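As stored in structure_8.txt (compact mmCIF, C-alpha atoms):
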```
# COMPACT_ATOMS: atom_id res chain seq x y z
CA MET A 1237 -14.21 -16.24 -21.45
CA ASN A 1238 -16.99 -17.32 -19.17
CA TYR A 1239 -15.73 -16.47 -15.72
CA ARG A 1240 -18.99 -17.54 -14.11
CA THR A 1241 -18.44 -21.27 -14.28
CA PRO A 1242 -17.64 -22.36 -10.72
CA GLU A 1243 -14.18 -23.65 -11.73
CA ARG A 1244 -13.23 -20.44 -13.48
CA ALA A 1245 -14.66 -18.22 -10.73
CA ASN A 1246 -12.71 -20.25 -8.18
CA ALA A 1247 -9.40 -20.01 -10.06
CA LEU A 1248 -9.75 -16.27 -10.62
CA ALA A 1249 -10.82 -15.62 -7.04
CA ALA A 1250 -7.80 -17.58 -5.79
CA HIS A 1251 -5.43 -15.31 -7.74
CA TYR A 1252 -7.31 -12.23 -6.71
CA VAL A 1253 -7.13 -13.08 -3.02
CA LEU A 1254 -3.54 -14.29 -3.10
CA GLY A 1255 -2.67 -11.03 -4.87
CA THR A 1256 -1.01 -12.36 -8.01
CA MET A 1257 -3.57 -10.92 -10.41
CA PRO A 1258 -2.18 -8.05 -12.55
CA ALA A 1259 -3.47 -4.50 -12.07
CA ARG A 1260 -6.06 -4.28 -14.83
CA ALA A 1261 -7.48 -7.75 -14.35
CA ARG A 1262 -7.58 -7.05 -10.64
CA SER A 1263 -9.68 -3.92 -10.82
CA ARG A 1264 -11.97 -5.44 -13.44
CA PHE A 1265 -12.47 -8.57 -11.35
CA ALA A 1266 -13.20 -6.52 -8.22
CA ARG A 1267 -15.79 -4.52 -10.15
CA LEU A 1268 -17.49 -7.65 -11.50
CA ALA A 1269 -17.50 -9.28 -8.06
CA ARG A 1270 -19.40 -6.39 -6.54
CA THR A 1271 -22.53 -7.35 -8.45
CA ASP A 1272 -21.91 -11.02 -9.21
CA SER A 1273 -22.65 -13.31 -6.29
CA VAL A 1274 -20.85 -16.30 -7.82
CA LEU A 1275 -17.61 -14.31 -7.89
CA GLY A 1276 -18.32 -12.69 -4.52
CA ASP A 1277 -18.82 -16.10 -2.91
CA ALA A 1278 -15.68 -17.48 -4.53
CA ILE A 1279 -13.66 -14.54 -3.19
CA ARG A 1280 -15.05 -14.93 0.34
CA ALA A 1281 -14.28 -18.64 0.29
CA TRP A 1282 -10.64 -17.91 -0.61
CA GLU A 1283 -10.41 -15.16 1.98
CA ALA A 1284 -11.57 -17.69 4.57
CA ARG A 1285 -9.00 -20.23 3.35
CA LEU A 1286 -6.01 -17.90 3.25
CA SER A 1287 -6.65 -15.38 6.00
CA PRO A 1288 -5.46 -17.68 8.83
CA LEU A 1289 -2.04 -17.22 7.25
CA ALA A 1290 -2.13 -13.49 8.06
CA GLN A 1291 -2.33 -14.30 11.78
CA SER A 1292 1.37 -15.01 11.95
CA VAL A 1293 2.37 -11.51 10.85
CA PRO A 1294 3.84 -9.77 13.92
CA PRO A 1295 1.49 -6.99 15.06
CA VAL A 1296 2.89 -3.45 14.83
CA GLU A 1297 1.41 -0.64 16.90
CA PRO A 1298 0.47 2.14 14.46
CA PRO A 1299 1.35 5.73 15.42
CA GLU A 1300 -1.46 7.55 17.21
CA ARG A 1301 -1.70 10.10 14.37
CA VAL A 1302 -3.45 7.42 12.27
CA TRP A 1303 -6.33 7.26 14.74
CA MET A 1304 -6.45 11.07 14.94
CA ALA A 1305 -6.62 11.26 11.14
CA ILE A 1306 -9.41 8.67 11.03
CA LEU A 1307 -11.40 10.63 13.58
CA ALA A 1308 -10.87 13.86 11.65
CA ARG A 1309 -12.10 12.21 8.46
CA ILE A 1310 -15.21 10.64 9.88
CA ASP A 1311 -16.04 13.94 11.60
CA ARG A 1312 -16.03 15.65 8.25
CA GLY A 1313 -18.42 12.97 7.06
CA GLY A 1314 -15.99 12.02 4.35
CA ALA A 1315 -17.83 14.26 1.92
CA ALA A 1316 -15.53 17.24 1.95
CA SER A 1317 -13.19 17.53 -0.95
CA ALA A 1318 -11.38 20.42 -2.49
CA PRO A 1319 -12.84 21.76 -5.70
CA GLU A 1320 -10.61 20.56 -8.48
CA ARG A 1321 -9.10 23.09 -10.79
CA ARG A 1322 -8.71 20.94 -13.85
CA GLY A 1323 -6.34 22.25 -16.42
CA ALA A 1324 -4.34 24.11 -13.81
CA TRP A 1325 -1.39 21.99 -14.78
CA ALA A 1326 -0.90 23.95 -17.96
CA SER A 1327 -1.57 27.29 -16.32
CA VAL A 1328 0.93 30.00 -15.56
CA SER A 1329 0.66 29.47 -11.80
CA LEU A 1330 3.03 26.51 -11.96
CA TRP A 1331 5.72 28.56 -13.59
CA ARG A 1332 5.06 31.54 -11.36
CA GLY A 1333 5.40 29.16 -8.44
CA LEU A 1334 8.71 27.92 -9.74
CA ALA A 1335 10.02 31.47 -9.91
CA LEU A 1336 8.86 32.32 -6.40
CA THR A 1337 10.50 29.23 -5.04
CA GLY A 1338 13.90 30.68 -5.85
CA PHE A 1339 14.12 32.42 -2.50
CA ALA A 1340 13.01 29.37 -0.55
CA THR A 1341 15.59 27.30 -2.38
CA ALA A 1342 18.31 29.74 -1.45
CA ILE A 1343 17.42 29.29 2.22
CA ALA A 1344 17.29 25.51 1.95
CA LEU A 1345 20.61 25.41 0.15
CA ALA A 1346 22.10 27.55 2.89
CA VAL A 1347 20.80 25.04 5.43
CA VAL A 1348 22.26 22.12 3.52
CA LEU A 1349 25.60 23.88 3.03
CA LEU A 1350 25.86 24.88 6.68
CA MET A 1351 25.44 21.32 7.89
CA PRO A 1352 28.63 19.77 9.30
CA PRO A 1353 30.77 18.15 6.64
CA LEU A 1354 30.09 14.46 6.12
CA GLU A 1355 32.69 11.79 6.06
CA ARG A 1356 32.54 11.27 2.34
CA PRO A 1357 32.33 13.93 -0.34
CA GLU A 1358 28.70 14.60 -1.14
CA ALA A 1359 27.00 15.09 -4.45
CA THR A 1360 23.43 15.93 -3.66
CA LEU A 1361 20.31 16.90 -5.56
CA VAL A 1362 17.95 19.16 -3.66
CA ALA A 1363 14.59 20.66 -4.45
CA VAL A 1364 12.42 22.85 -2.27
CA LEU A 1365 8.79 22.69 -3.29
CA ALA A 1366 6.57 25.63 -2.45
CA GLY A 1367 2.99 26.64 -3.10
CA ASP A 1368 1.58 29.84 -4.53
CA ASP A 1369 2.48 31.65 -1.32
CA ALA A 1370 6.16 30.74 -1.85
CA LYS A 1371 6.33 29.12 1.59
CA PRO A 1372 8.47 25.96 1.41
CA ALA A 1373 6.25 22.92 1.91
CA LEU A 1374 8.43 19.96 0.96
CA LEU A 1375 12.13 19.30 0.74
CA ALA A 1376 13.30 16.60 -1.65
CA SER A 1377 16.88 15.41 -1.70
CA ALA A 1378 18.89 12.54 -3.08
CA ASP A 1379 22.47 11.45 -3.20
CA ARG A 1380 23.59 11.59 -6.82
CA THR A 1381 24.70 7.96 -6.74
CA GLY A 1382 21.88 6.70 -4.51
CA ARG A 1383 18.62 5.17 -5.68
CA VAL A 1384 16.47 6.86 -3.08
CA LEU A 1385 14.75 10.22 -3.20
CA THR A 1386 13.96 11.43 0.30
CA VAL A 1387 11.01 13.77 0.62
CA LYS A 1388 10.42 15.58 3.88
CA LEU A 1389 7.31 17.54 4.63
CA ILE A 1390 8.37 20.79 6.19
CA ALA A 1391 4.91 21.33 7.67
CA PRO A 1392 2.12 18.74 7.81
CA LEU A 1393 -0.26 19.17 4.89
CA ALA A 1394 -4.02 18.91 5.18
CA PRO A 1395 -5.57 18.07 1.83
CA ALA A 1396 -9.23 17.13 1.68
CA ALA A 1397 -10.43 13.65 2.54
CA ASP A 1398 -10.10 11.00 -0.16
CA ARG A 1399 -7.27 12.82 -1.89
CA SER A 1400 -3.63 11.91 -2.28
CA LEU A 1401 -0.59 14.02 -3.02
CA GLN A 1402 1.49 12.78 -5.93
CA LEU A 1403 5.05 13.78 -6.72
CA TRP A 1404 6.07 14.32 -10.34
CA ALA A 1405 9.31 14.79 -12.21
CA LEU A 1406 8.85 17.57 -14.78
CA PRO A 1407 11.09 16.94 -17.77
CA ALA A 1408 12.23 19.85 -19.96
CA THR A 1409 10.09 18.37 -22.72
CA GLY A 1410 7.39 15.71 -22.59
CA ASN A 1411 4.93 14.57 -19.96
CA PRO A 1412 5.47 14.66 -16.21
CA ARG A 1413 6.54 11.32 -14.74
CA SER A 1414 5.11 10.06 -11.48
CA LEU A 1415 7.62 9.47 -8.72
CA GLY A 1416 5.03 8.21 -6.25
CA LEU A 1417 2.72 9.41 -3.53
CA VAL A 1418 3.79 11.60 -0.65
CA PRO A 1419 2.26 11.34 2.82
CA MET A 1420 0.62 14.24 4.62
CA SER A 1421 3.45 14.54 7.12
CA GLY A 1422 6.84 13.14 7.98
CA ILE A 1423 9.39 11.68 5.61
CA VAL A 1424 9.00 9.32 2.69
CA ARG A 1425 11.76 7.55 0.83
CA ILE A 1426 10.93 6.88 -2.79
CA ALA A 1427 12.85 4.15 -4.58
CA LEU A 1428 14.32 5.17 -7.93
CA PRO A 1429 14.98 2.65 -10.70
CA VAL A 1430 18.54 3.96 -11.21
CA ALA A 1431 20.91 6.37 -9.43
CA ALA A 1432 19.30 9.75 -8.73
CA GLY A 1433 21.90 11.59 -10.85
CA THR A 1434 20.73 9.59 -13.86
CA ALA A 1435 17.03 9.27 -12.99
CA LEU A 1436 16.69 13.05 -12.60
CA GLN A 1437 19.30 14.04 -15.20
CA ASP A 1438 17.02 15.93 -17.56
CA ILE A 1439 14.52 16.96 -14.95
CA PRO A 1440 14.62 20.69 -14.18
CA ALA A 1441 11.86 20.62 -11.58
CA LEU A 1442 9.58 18.59 -9.31
CA ALA A 1443 5.93 19.24 -8.59
CA VAL A 1444 3.20 17.87 -6.33
CA SER A 1445 -0.38 17.66 -7.52
CA LEU A 1446 -3.63 16.86 -5.73
CA GLU A 1447 -5.02 13.58 -7.02
CA PRO A 1448 -7.82 11.13 -6.24
CA SER A 1449 -7.05 8.81 -3.33
CA GLY A 1450 -4.36 6.35 -4.39
CA GLY A 1451 -2.96 8.64 -7.08
CA SER A 1452 -3.76 9.76 -10.59
CA PRO A 1453 -5.76 7.10 -12.44
CA THR A 1454 -4.34 8.18 -15.79
CA GLY A 1455 -0.61 8.21 -15.08
CA LEU A 1456 -0.57 11.96 -15.72
CA PRO A 1457 -1.46 14.75 -13.30
CA THR A 1458 -5.22 15.31 -13.21
CA GLY A 1459 -5.56 17.73 -10.29
CA PRO A 1460 -4.13 21.13 -9.47
CA VAL A 1461 -0.42 21.62 -8.85
CA LEU A 1462 -0.06 22.54 -5.21
CA TYR A 1463 3.71 22.74 -4.87
CA SER A 1464 6.64 22.91 -7.22
CA GLY A 1465 10.31 23.78 -7.24
CA PRO A 1466 13.46 23.55 -9.35
CA ILE A 1467 16.07 20.85 -8.72
CA GLN A 1468 19.45 22.15 -7.60
CA ARG A 1469 22.50 20.00 -8.16
CA LEU A 1470 25.28 20.37 -5.66
CA TYR A 1471 27.96 18.92 -7.88
CA MET B 1036 0.55 -15.04 16.93
CA VAL B 1037 -0.84 -18.40 17.86
CA VAL B 1038 -4.45 -18.25 18.90
CA ASP B 1039 -6.28 -21.10 20.54
CA PRO B 1040 -9.69 -21.91 19.06
CA ALA B 1041 -11.72 -20.97 22.15
CA ARG B 1042 -10.08 -17.54 22.39
CA GLN B 1043 -10.50 -17.05 18.69
CA LEU B 1044 -14.24 -17.72 18.90
CA GLU B 1045 -14.56 -15.32 21.79
CA ARG B 1046 -12.64 -12.64 19.90
CA SER B 1047 -14.76 -13.14 16.78
CA ALA B 1048 -17.94 -12.74 18.79
CA ARG B 1049 -16.58 -9.55 20.34
CA LEU B 1050 -15.59 -8.09 16.95
CA MET B 1051 -18.99 -9.00 15.47
CA GLU B 1052 -20.73 -7.18 18.27
CA LEU B 1053 -18.53 -4.12 17.75
CA LEU B 1054 -19.20 -4.10 14.01
CA ALA B 1055 -22.94 -4.27 14.65
CA ARG B 1056 -22.68 -1.26 16.97
CA ILE B 1057 -20.48 0.64 14.49
CA ALA B 1058 -23.16 0.14 11.84
CA LEU B 1059 -25.34 2.20 14.20
CA ALA B 1060 -22.65 4.92 14.32
CA ASP B 1061 -21.37 4.01 17.79
CA ARG B 1062 -18.08 5.90 18.22
CA SER B 1063 -16.87 4.05 21.26
CA ALA B 1064 -17.38 0.69 19.54
CA PHE B 1065 -15.37 2.04 16.62
CA GLU B 1066 -12.50 3.05 18.87
CA GLN B 1067 -12.54 -0.35 20.59
CA LEU B 1068 -12.45 -2.10 17.23
CA TYR B 1069 -9.52 0.10 16.20
CA ARG B 1070 -7.58 -0.61 19.41
CA LEU B 1071 -8.20 -4.36 19.14
CA THR B 1072 -7.37 -4.84 15.49
CA SER B 1073 -5.17 -2.02 14.23
CA PRO B 1074 -1.81 -3.50 15.37
CA HIS B 1075 -2.55 -6.70 13.49
CA LEU B 1076 -3.83 -4.87 10.39
CA TYR B 1077 -0.97 -2.35 10.43
CA GLY B 1078 1.49 -5.26 10.68
CA VAL B 1079 -0.10 -6.85 7.61
CA ALA B 1080 0.04 -3.55 5.68
CA MET B 1081 3.66 -2.86 6.70
CA ARG B 1082 4.64 -6.31 5.56
CA ILE B 1083 3.17 -5.80 2.08
CA LEU B 1084 3.95 -2.12 1.54
CA ARG B 1085 7.24 -1.97 3.48
CA GLU B 1086 6.80 1.75 3.90
CA SER B 1087 5.24 3.21 7.02
CA ALA B 1088 3.73 6.29 5.36
CA ALA B 1089 1.90 4.15 2.81
CA ALA B 1090 0.85 1.61 5.45
CA GLU B 1091 -0.51 4.41 7.64
CA GLU B 1092 -2.54 5.76 4.75
CA VAL B 1093 -3.98 2.34 3.96
CA LEU B 1094 -4.88 1.76 7.61
CA GLN B 1095 -6.54 5.16 7.74
CA GLU B 1096 -8.51 4.62 4.52
CA SER B 1097 -9.53 1.13 5.63
CA PHE B 1098 -10.94 2.26 8.96
CA VAL B 1099 -12.77 5.21 7.42
CA ASN B 1100 -14.24 2.64 5.03
CA VAL B 1101 -15.19 0.35 7.95
CA TRP B 1102 -16.91 3.27 9.69
CA HIS B 1103 -19.04 3.95 6.63
CA HIS B 1104 -19.66 0.35 5.61
CA ALA B 1105 -19.80 -1.66 8.83
CA GLY B 1106 -23.45 -2.29 7.94
CA SER B 1107 -22.39 -4.26 4.89
CA TYR B 1108 -20.53 -6.80 7.04
CA VAL B 1109 -22.51 -10.04 7.06
CA ALA B 1110 -21.59 -12.28 9.96
CA ALA B 1111 -22.91 -15.38 8.25
CA ARG B 1112 -20.53 -14.88 5.35
CA SER B 1113 -17.14 -14.20 6.92
CA GLN B 1114 -15.26 -14.00 10.17
CA PRO B 1115 -14.88 -10.37 11.24
CA LEU B 1116 -11.08 -10.46 11.29
CA THR B 1117 -11.06 -12.09 7.86
CA TRP B 1118 -13.31 -9.32 6.58
CA LEU B 1119 -11.10 -6.59 8.07
CA THR B 1120 -7.87 -8.20 6.92
CA SER B 1121 -9.25 -8.51 3.40
CA ILE B 1122 -10.14 -4.81 3.29
CA VAL B 1123 -6.58 -3.90 4.29
CA ARG B 1124 -4.84 -6.45 2.04
CA ASN B 1125 -6.92 -5.42 -0.96
CA ARG B 1126 -6.04 -1.77 -0.51
CA CYS B 1127 -2.36 -2.67 -0.14
CA LEU B 1128 -2.41 -4.81 -3.26
CA ASP B 1129 -4.29 -2.18 -5.25
CA ARG B 1130 -1.61 0.33 -4.32
CA LEU B 1131 1.25 -1.98 -5.21
CA ARG B 1132 -0.22 -2.83 -8.57
CA LYS B 1133 -1.24 0.73 -9.43
CA HIS B 1134 2.00 2.45 -8.52
CA ASP B 1135 4.80 0.20 -9.57
CA ILE B 1136 7.28 2.92 -8.77
CA GLU B 1137 6.36 2.82 -5.12
CA THR B 1138 6.98 -0.87 -4.86
CA VAL B 1139 10.37 -1.19 -3.30
CA SER B 1140 12.27 -3.32 -5.71
CA ILE B 1141 13.07 -6.77 -4.43
CA ASP B 1142 16.47 -6.29 -6.01
CA ASP B 1143 17.11 -3.51 -3.57
CA GLU B 1144 19.53 -5.42 -1.43
CA GLU B 1145 19.87 -2.80 1.25
CA HIS B 1146 16.14 -2.91 1.83
CA ALA B 1147 15.95 -6.67 1.65
CA MET B 1148 18.50 -6.75 4.45
CA THR B 1149 16.59 -4.43 6.75
CA ILE B 1150 13.52 -6.58 6.30
CA ALA B 1151 15.51 -9.73 6.92
CA ASP B 1152 17.16 -8.26 10.00
CA ARG B 1153 14.07 -7.45 11.93
CA SER B 1154 11.41 -9.91 10.99
CA PRO B 1155 10.66 -13.46 9.99
CA THR B 1156 10.89 -14.39 6.32
CA PRO B 1157 7.70 -14.97 4.33
CA LEU B 1158 8.37 -18.69 4.47
CA GLU B 1159 8.71 -18.63 8.26
CA LEU B 1160 5.47 -16.69 8.46
CA LEU B 1161 3.73 -19.18 6.22
CA LEU B 1162 4.74 -22.10 8.39
CA SER B 1163 4.00 -20.40 11.71
CA GLY B 1164 0.75 -18.93 10.33
CA ALA B 1165 -0.34 -22.43 9.89
CA ASP B 1166 0.13 -23.21 13.58
CA ALA B 1167 -2.46 -25.27 15.36
CA SER B 1168 -4.89 -25.56 12.52
CA ALA B 1169 -5.74 -27.55 9.46
CA VAL B 1170 -3.92 -24.91 7.46
CA ARG B 1171 -0.64 -26.17 8.85
CA ARG B 1172 -1.07 -29.67 7.53
CA CYS B 1173 -2.13 -28.34 4.13
CA VAL B 1174 0.71 -25.85 3.84
CA GLU B 1175 3.26 -28.43 4.90
CA ALA B 1176 2.01 -30.77 2.23
CA LEU B 1177 3.03 -28.31 -0.48
CA ASP B 1178 6.33 -28.67 -2.38
CA ALA B 1179 9.15 -26.39 -1.24
CA VAL B 1180 8.90 -24.19 -4.34
CA GLN B 1181 5.14 -23.94 -3.97
CA LYS B 1182 5.50 -22.87 -0.35
CA GLN B 1183 8.04 -20.23 -1.30
CA ALA B 1184 5.86 -18.82 -4.11
CA ILE B 1185 2.70 -18.70 -1.98
CA ALA B 1186 4.56 -17.10 0.93
CA LEU B 1187 6.12 -14.34 -1.19
CA ALA B 1188 2.81 -13.59 -2.91
CA PHE B 1189 0.69 -13.65 0.23
CA TYR B 1190 2.96 -11.80 2.66
CA GLN B 1191 4.84 -9.48 0.34
CA GLY B 1192 2.37 -8.94 -2.46
CA LEU B 1193 4.67 -10.13 -5.24
CA SER B 1194 2.99 -10.44 -8.62
CA HIS B 1195 3.59 -13.36 -10.98
CA SER B 1196 6.32 -11.49 -12.83
CA GLU B 1197 8.00 -10.34 -9.61
CA LEU B 1198 7.89 -13.94 -8.35
CA ALA B 1199 9.49 -15.10 -11.59
CA ARG B 1200 12.31 -12.54 -11.20
CA HIS B 1201 12.81 -13.27 -7.54
CA LEU B 1202 12.83 -17.05 -7.92
CA ARG B 1203 14.80 -16.83 -11.20
CA GLN B 1204 12.32 -19.00 -13.06
CA PRO B 1205 10.37 -18.55 -16.28
CA LEU B 1206 7.03 -16.81 -15.82
CA GLY B 1207 5.08 -19.85 -17.03
CA THR B 1208 6.78 -22.11 -14.50
CA VAL B 1209 6.00 -19.78 -11.62
CA LYS B 1210 2.40 -19.39 -12.73
CA SER B 1211 1.90 -23.13 -12.75
CA TRP B 1212 3.55 -23.52 -9.32
CA VAL B 1213 1.14 -20.96 -7.91
CA ARG B 1214 -1.86 -22.46 -9.67
CA ARG B 1215 -1.08 -25.98 -8.47
CA ALA B 1216 -0.31 -24.79 -4.96
CA LEU B 1217 -3.68 -23.05 -4.79
CA GLU B 1218 -5.47 -26.13 -6.13
CA ARG B 1219 -3.77 -28.34 -3.57
CA LEU B 1220 -4.53 -25.93 -0.75
CA LYS B 1221 -8.17 -25.80 -1.76
CA THR B 1222 -8.58 -29.55 -1.92
CA CYS B 1223 -6.80 -30.01 1.38
CA LEU B 1224 -8.53 -27.16 3.25
CA ASP B 1225 -12.01 -27.88 1.95
CA GLY B 1226 -11.49 -31.51 2.94
CA ALA B 1227 -10.66 -30.28 6.44
CA GLY B 1228 -13.74 -28.08 6.51
CA VAL B 1229 -11.91 -24.77 6.87
CA ALA B 1230 -13.78 -22.72 4.30
CA ARG B 1231 -17.44 -22.15 4.80
```
Here is a file; write its structure as structure tokens.
Amino acid sequence: MNYRTPERANALAAHYVLGTMPARARSRFARLARTDSVLGDAIRAWEARLSPLAQSVPPVEPPERVWMAILARIDRGGAASAPERRGAWASVSLWRGLALTGFATAIALAVVLLMPPLERPEATLVAVLAGDDAKPALLASADRTGRVLTVKLIAPLAPAADRSLQLWALPATGNPRSLGLVPMSGIVRIALPVAAGTALQDIPALAVSLEPSGGSPTGLPTGPVLYSGPIQRLY
Amino acid sequence: MVVDPARQLERSARLMELLARIALADRSAFEQLYRLTSPHLYGVAMRILRESAAAEEVLQESFVNVWHHAGSYVAARSQPLTWLTSIVRNRCLDRLRKHDIETVSIDDEEHAMTIADRSPTPLELLLSGADASAVRRCVEALDAVQKQAIALAFYQGLSHSELARHLRQPLGTVKSWVRRALERLKTCLDGAGVAR
């Protein structure tokens, strides 16, 4: 298809800017537009047409930590990045990590069990994810019947610039499944397609790997496993 | 946010000047740009991603990108706020498309309610976004279904298939609504001299 005719470039740019273009077409189109001035001009024309619409979105003051993080990144010159240990996924460290996490899990379970009783009977899934040093780094929990997995960072993490942390479900057999990205601090709630009890039924453990910014491009972990831990089922 | 044209021109000139200084690695210009534009850009990102951690990350990545690439901003080609908004929207959309699992399902009623409780609907945004400009006339000229489809795609980042599910229409129907809406907007806006 000749995308360089003005009509075609215009129609594609309209979908790109509106956001309705599917993932693969989107990244391909963005790549082409970087070097093709016909496409670049068509995109800018649509941005000019549609961007007045964004003005009506109510402004929201971002937390100050965003600005601090930006400053920290530009101070490092954006060049720093952790050396990647490719292949670490299959290494023994993951499984050693899982074993070490046992103690951390015991503590976390104690915390969960000591909390005041809730109004309705609870059936919870909990996982404490720890690194090689066995220090708990993340706490993941979900109500068995809920469709949300809540991940709390026990201490703020500081991965290198331009990297993201990605959470994976590790099935007993087969490939890890991405559950989504986790932030460097705070709490994230990850939507599950079905109730947690079902979504994580055959999943013995969770793990977090270091990935390129925006997450693994392949759909499978590509970077080192930083944290992992077994899922405990309180039911 | 309704902005009168004179103030908008003044703001654009200010942002252009800041971008020029940032291209020369001026930290204080960078901070001023951040203070002036981040609430708007964070609002846009929150609206699309509906998740503050993800929106914070996008805002962070976008500004780091602006710091490194302010020199590539060409004033003759786009308004500064358009340029900045596009950087943020593109990153949001890339994330939504790449990580389907992170996209909060529109069927998630609980979530839909929290959104509905605290903020205007996409359609309300579309109509108020069009305030005091040619865009208003052009948006109002669209059919109701076209307005709805454009609003959900633009403000919430719904893809064609998500639009089809949400509007309970066949994919082909939704695609042609969007295509015709975009054609009509283009004809109308270009006639009014909005796009450069």
Between A:Pro1299, A:Pro1407, A:Pro1288, A:Pro1392, which residue has the minimum interatomic distance to Gln1114 (chain B), considering all atoms listed in the file? A:Pro1288
Write out as a PDB file with C-alpha atoms, in the frame of the given file the residues lying within 7 Å of region 1206-1222 of chain B, counting only C-alpha atoms and excluding same-chain residues fewer than 3 positions away.
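part26.pdb, freshly written:
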```pdb
ATOM      1  CA  ALA A1250      -7.800 -17.580  -5.790  1.00  0.00           C
TER       2      ALA A1250
ATOM      3  CA  CYS B1173      -2.130 -28.340   4.130  1.00  0.00           C
ATOM      4  CA  VAL B1174       0.710 -25.850   3.840  1.00  0.00           C
ATOM      5  CA  LEU B1177       3.030 -28.310  -0.480  1.00  0.00           C
ATOM      6  CA  GLN B1181       5.140 -23.940  -3.970  1.00  0.00           C
ATOM      7  CA  ALA B1184       5.860 -18.820  -4.110  1.00  0.00           C
ATOM      8  CA  ILE B1185       2.700 -18.700  -1.980  1.00  0.00           C
ATOM      9  CA  HIS B1195       3.590 -13.360 -10.980  1.00  0.00           C
ATOM     10  CA  SER B1196       6.320 -11.490 -12.830  1.00  0.00           C
ATOM     11  CA  LEU B1198       7.890 -13.940  -8.350  1.00  0.00           C
ATOM     12  CA  ALA B1199       9.490 -15.100 -11.590  1.00  0.00           C
ATOM     13  CA  ASP B1225     -12.010 -27.880   1.950  1.00  0.00           C
ATOM     14  CA  GLY B1226     -11.490 -31.510   2.940  1.00  0.00           C
TER      15      GLY B1226
END
```
Per residue of chain A within 6 Å of chain B, note the shortest atom pair and the distance in Å to one decimal, counting only C-alpha atoms, and order the rows by chain and increasing residue number, as CSV.
```
residue,atom,partner,partner_atom,distance
A:Leu1254,CA,B:Phe1189,CA,5.4
A:Gly1255,CA,B:Gly1192,CA,6.0
A:Thr1256,CA,B:Ser1194,CA,4.5
A:Ala1259,CA,B:Arg1132,CA,5.1
A:Ala1281,CA,B:Ala1230,CA,5.7
A:Ala1284,CA,B:Ala1230,CA,5.5
A:Arg1285,CA,B:Ala1230,CA,5.5
A:Ser1287,CA,B:Thr1117,CA,5.8
A:Leu1289,CA,B:Gly1164,CA,4.5
A:Gln1291,CA,B:Gly1164,CA,5.7
A:Ser1292,CA,B:Gly1164,CA,4.3
A:Pro1295,CA,B:His1075,CA,4.3
A:Val1296,CA,B:Pro1074,CA,4.7
A:Glu1297,CA,B:Pro1074,CA,4.6
A:Val1302,CA,B:Gln1095,CA,5.9
A:Ile1306,CA,B:Gln1095,CA,5.6
A:Gly1416,CA,B:Glu1137,CA,5.7
A:Pro1419,CA,B:Ala1088,CA,5.8
```
Quote the spacing between CA of Leu1202 (chain B) and CA of Ala1435 (chain A) in Å to one decimal place. 27.1 Å
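When all atoms listed in the file are used to compute distances to Pro1457 (chain A), the closest of the residues A:Phe1265, A:Trp1404, A:Tyr1471, A:Trp1282 turns out to be A:Trp1404.
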Report the distance between CA of Leu1084 (chain B) and CA of His1104 (chain B) in Å, rounded to one decimal place. 24.1 Å
Separation of CA of Arg1262 (chain A) from CA of Pro1298 (chain A), in Å and rounded to one decimal: 27.9 Å
Could you pull out every residue with an atom within 12 Å of (-20.4, -2.8, 13.9), file coordinates, counting all atoms listed in the file, and send them as a PyMOL selection string? chain B and resi 1048-1069+1098+1101-1110+1115+1119
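Nearest to Glu1243 (chain A) of all the residues A:Leu1275, A:Ala1261, A:Ile1423, A:Ala1363 is A:Leu1275, counting only C-alpha atoms.
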